[in-house]
Amino acid sequence: MKREGVLDIKTIHEISVEKLGEIIRPAGFFNIKSRRLKALIGVLHDSFKEDIENLSPVATDELRTLFLSIDGIGYETADSILLYALHRSVFVVDAYTKRFLGNHDLYNGNSGYHDIQGFFMEHFPPDTYLFNEFHALIVYLCQHYCKKVPLCDTCPLKDEFVEGLV
């Protein structure tokens, strides 16, 4: 998108869904993603005057509800937008988070998204940098140690115990 100069709300709003799909093709599922991105951009264009800064006065819960109302945006995507794009103190739960918790006996697979998110938000102060960094560390850990076939013997957390979600 950067190479094509398609990074601002106005440009993405004006480009056709087909052209956007061609640009994001390397990301996979480009037809679905282009339609969903256009839907999100449509809301930002129409309701917030093409300026992400106009989201600043809107409460986090209201923004989350707004994002969830857009076709194709679920909890993980809505919370990713809130944390990474809007710098709101919301912990993102994804497959890596669940794998990390499961491999460390903190999660048995029965808890839903909100329970897992609540676990992190109750045990850490509401700090955007902390949530961003902690999630990035979980992703790193899962990419290198908590793989589908875990490498527990070499895991830097192998001797740590944390009371948790189970």
# chains A, B, ... in the order shown; residues from 1 in each chain; ligands from 1

$ residues_around --residues "A:Phe119" --least-positions-apart "2" --cutoff "12 Å" --atoms "only C-alpha atoms" --output "JSON, numbers by chain"
{"A": [90, 91, 92, 93, 97, 98, 101, 106, 107, 111, 112, 113, 114, 115, 116, 117, 121, 122, 123, 124, 125, 162, 163, 164, 165, 166]}

$ write_last_selection --atoms "C-alpha atoms" --output "mmCIF file, in the first residue's frame"
data_model
loop_
_atom_site.group_PDB
_atom_site.id
_atom_site.type_symbol
_atom_site.label_atom_id
_atom_site.label_comp_id
_atom_site.auth_asym_id
_atom_site.auth_seq_id
_atom_site.Cartn_x
_atom_site.Cartn_y
_atom_site.Cartn_z
ATOM 1 C CA VAL A 90 -7.150 -2.496 25.303
ATOM 2 C CA PHE A 91 -5.481 -5.894 25.355
ATOM 3 C CA VAL A 92 -5.716 -7.817 22.066
ATOM 4 C CA VAL A 93 -6.501 -11.516 22.284
ATOM 5 C CA THR A 97 -2.412 -15.346 23.221
ATOM 6 C CA LYS A 98 -4.497 -18.491 23.623
ATOM 7 C CA LEU A 101 -1.807 -19.296 27.950
ATOM 8 C CA LEU A 106 -3.159 -20.688 32.269
ATOM 9 C CA TYR A 107 -5.999 -21.514 29.877
ATOM 10 C CA SER A 111 -12.870 -19.222 28.275
ATOM 11 C CA GLY A 112 -14.171 -16.755 25.715
ATOM 12 C CA TYR A 113 -12.511 -13.693 24.247
ATOM 13 C CA HIS A 114 -13.786 -11.344 26.970
ATOM 14 C CA ASP A 115 -12.694 -13.662 29.801
ATOM 15 C CA ILE A 116 -9.177 -13.872 28.418
ATOM 16 C CA GLN A 117 -9.023 -10.149 27.768
ATOM 17 C CA MET A 121 -6.794 -6.155 31.918
ATOM 18 C CA GLU A 122 -7.400 -7.087 35.564
ATOM 19 C CA HIS A 123 -3.769 -8.085 36.203
ATOM 20 C CA PHE A 124 -2.030 -5.182 34.463
ATOM 21 C CA PRO A 125 -2.464 -1.437 34.734
ATOM 22 C CA VAL A 162 1.765 -17.623 37.088
ATOM 23 C CA GLU A 163 -1.637 -18.126 38.650
ATOM 24 C CA GLY A 164 -4.201 -17.657 36.010
ATOM 25 C CA LEU A 165 -7.216 -18.270 33.981
ATOM 26 C CA VAL A 166 -7.595 -22.044 33.928
#

$ residues_around --residues "A:Thr77" --least-positions-apart "4" --cutoff "12 Å" --atoms "only C-alpha atoms" --output "PyMOL selection string"
chain A and resi 33+36-37+40+64-65+67-73+81-85+90-94

$ write_last_selection --atoms "C-alpha atoms" --output "PDB file, in the first residue's frame"
ATOM      1  CA  LYS A  33      -9.931  -7.800   3.068  1.00  0.00           C
ATOM      2  CA  ARG A  36     -13.746  -4.922   4.780  1.00  0.00           C
ATOM      3  CA  LEU A  37     -11.101  -2.215   4.611  1.00  0.00           C
ATOM      4  CA  LEU A  40     -14.028   0.701   7.682  1.00  0.00           C
ATOM      5  CA  ARG A  64     -15.362  -0.644  19.868  1.00  0.00           C
ATOM      6  CA  THR A  65     -19.122  -0.900  19.312  1.00  0.00           C
ATOM      7  CA  PHE A  67     -15.998  -1.048  14.765  1.00  0.00           C
ATOM      8  CA  LEU A  68     -17.886  -4.231  15.658  1.00  0.00           C
ATOM      9  CA  SER A  69     -20.877  -2.950  13.684  1.00  0.00           C
ATOM     10  CA  ILE A  70     -18.793  -2.901  10.491  1.00  0.00           C
ATOM     11  CA  ASP A  71     -19.128  -6.062   8.424  1.00  0.00           C
ATOM     12  CA  GLY A  72     -16.129  -8.335   8.904  1.00  0.00           C
ATOM     13  CA  ILE A  73     -14.692  -6.673  11.995  1.00  0.00           C
ATOM     14  CA  ILE A  81      -7.433  -0.865  15.820  1.00  0.00           C
ATOM     15  CA  LEU A  82      -8.053   0.541  19.287  1.00  0.00           C
ATOM     16  CA  LEU A  83      -4.635  -0.463  20.645  1.00  0.00           C
ATOM     17  CA  TYR A  84      -2.320  -0.021  17.688  1.00  0.00           C
ATOM     18  CA  ALA A  85      -3.944   2.763  15.649  1.00  0.00           C
ATOM     19  CA  VAL A  90      -7.150  -2.496  25.303  1.00  0.00           C
ATOM     20  CA  PHE A  91      -5.481  -5.894  25.355  1.00  0.00           C
ATOM     21  CA  VAL A  92      -5.716  -7.817  22.066  1.00  0.00           C
ATOM     22  CA  VAL A  93      -6.501 -11.516  22.284  1.00  0.00           C
ATOM     23  CA  ASP A  94      -5.503 -13.687  19.347  1.00  0.00           C
TER      24      ASP A  94
END

$ select_by_dssp --residues "stretch 46-158 of chain A" --states "alpha helix (DSSP H)" --output "VMD selection string"
chain A and resid 46 to 48 60 to 68 75 to 80 95 to 103 113 to 123 128 to 144

$ residues_around --residues "A:Asp8" --least-positions-apart "5" --cutoff "10 Å" --atoms "only C-alpha atoms" --output "PDB file with C-alpha atoms, in the first residue's frame"
ATOM      1  CA  MET A   1       0.000   0.000   0.000  1.00  0.00           C
ATOM      2  CA  LYS A   2       2.878   2.313   0.814  1.00  0.00           C
ATOM      3  CA  HIS A  13     -12.053   5.743  -0.029  1.00  0.00           C
ATOM      4  CA  ILE A  41     -12.690   3.562   5.583  1.00  0.00           C
ATOM      5  CA  GLU A  50     -11.532  11.612   6.770  1.00  0.00           C
ATOM      6  CA  ASP A  51      -9.517  12.383   9.897  1.00  0.00           C
ATOM      7  CA  ILE A  52      -8.597   9.694  12.413  1.00  0.00           C
TER       8      ILE A  52
END

$ residues_around --residues "A:Ile138" --least-positions-apart "2" --cutoff "10 Å" --atoms "only C-alpha atoms" --output "PyMOL selection string"
chain A and resi 94+96-101+133-136+140-144+146

$ closest_residue --among "A:Val17, A:Leu86, A:Leu130, A:Ala95" --to "A:Gly42" --atoms "only C-alpha atoms"
A:Val17

$ atom_distance --atom1 "atom CA of A:Lys38" --atom2 "atom CA of A:Ile9"
9.4 Å

$ closest_residue --among "A:Arg88, A:Asn31, A:Cys155, A:Glu22" --to "A:Leu55" --atoms "only C-alpha atoms"
A:Arg88

$ atom_distance --atom1 "atom CA of A:Ile23" --atom2 "atom CA of A:Leu7"
11.3 Å
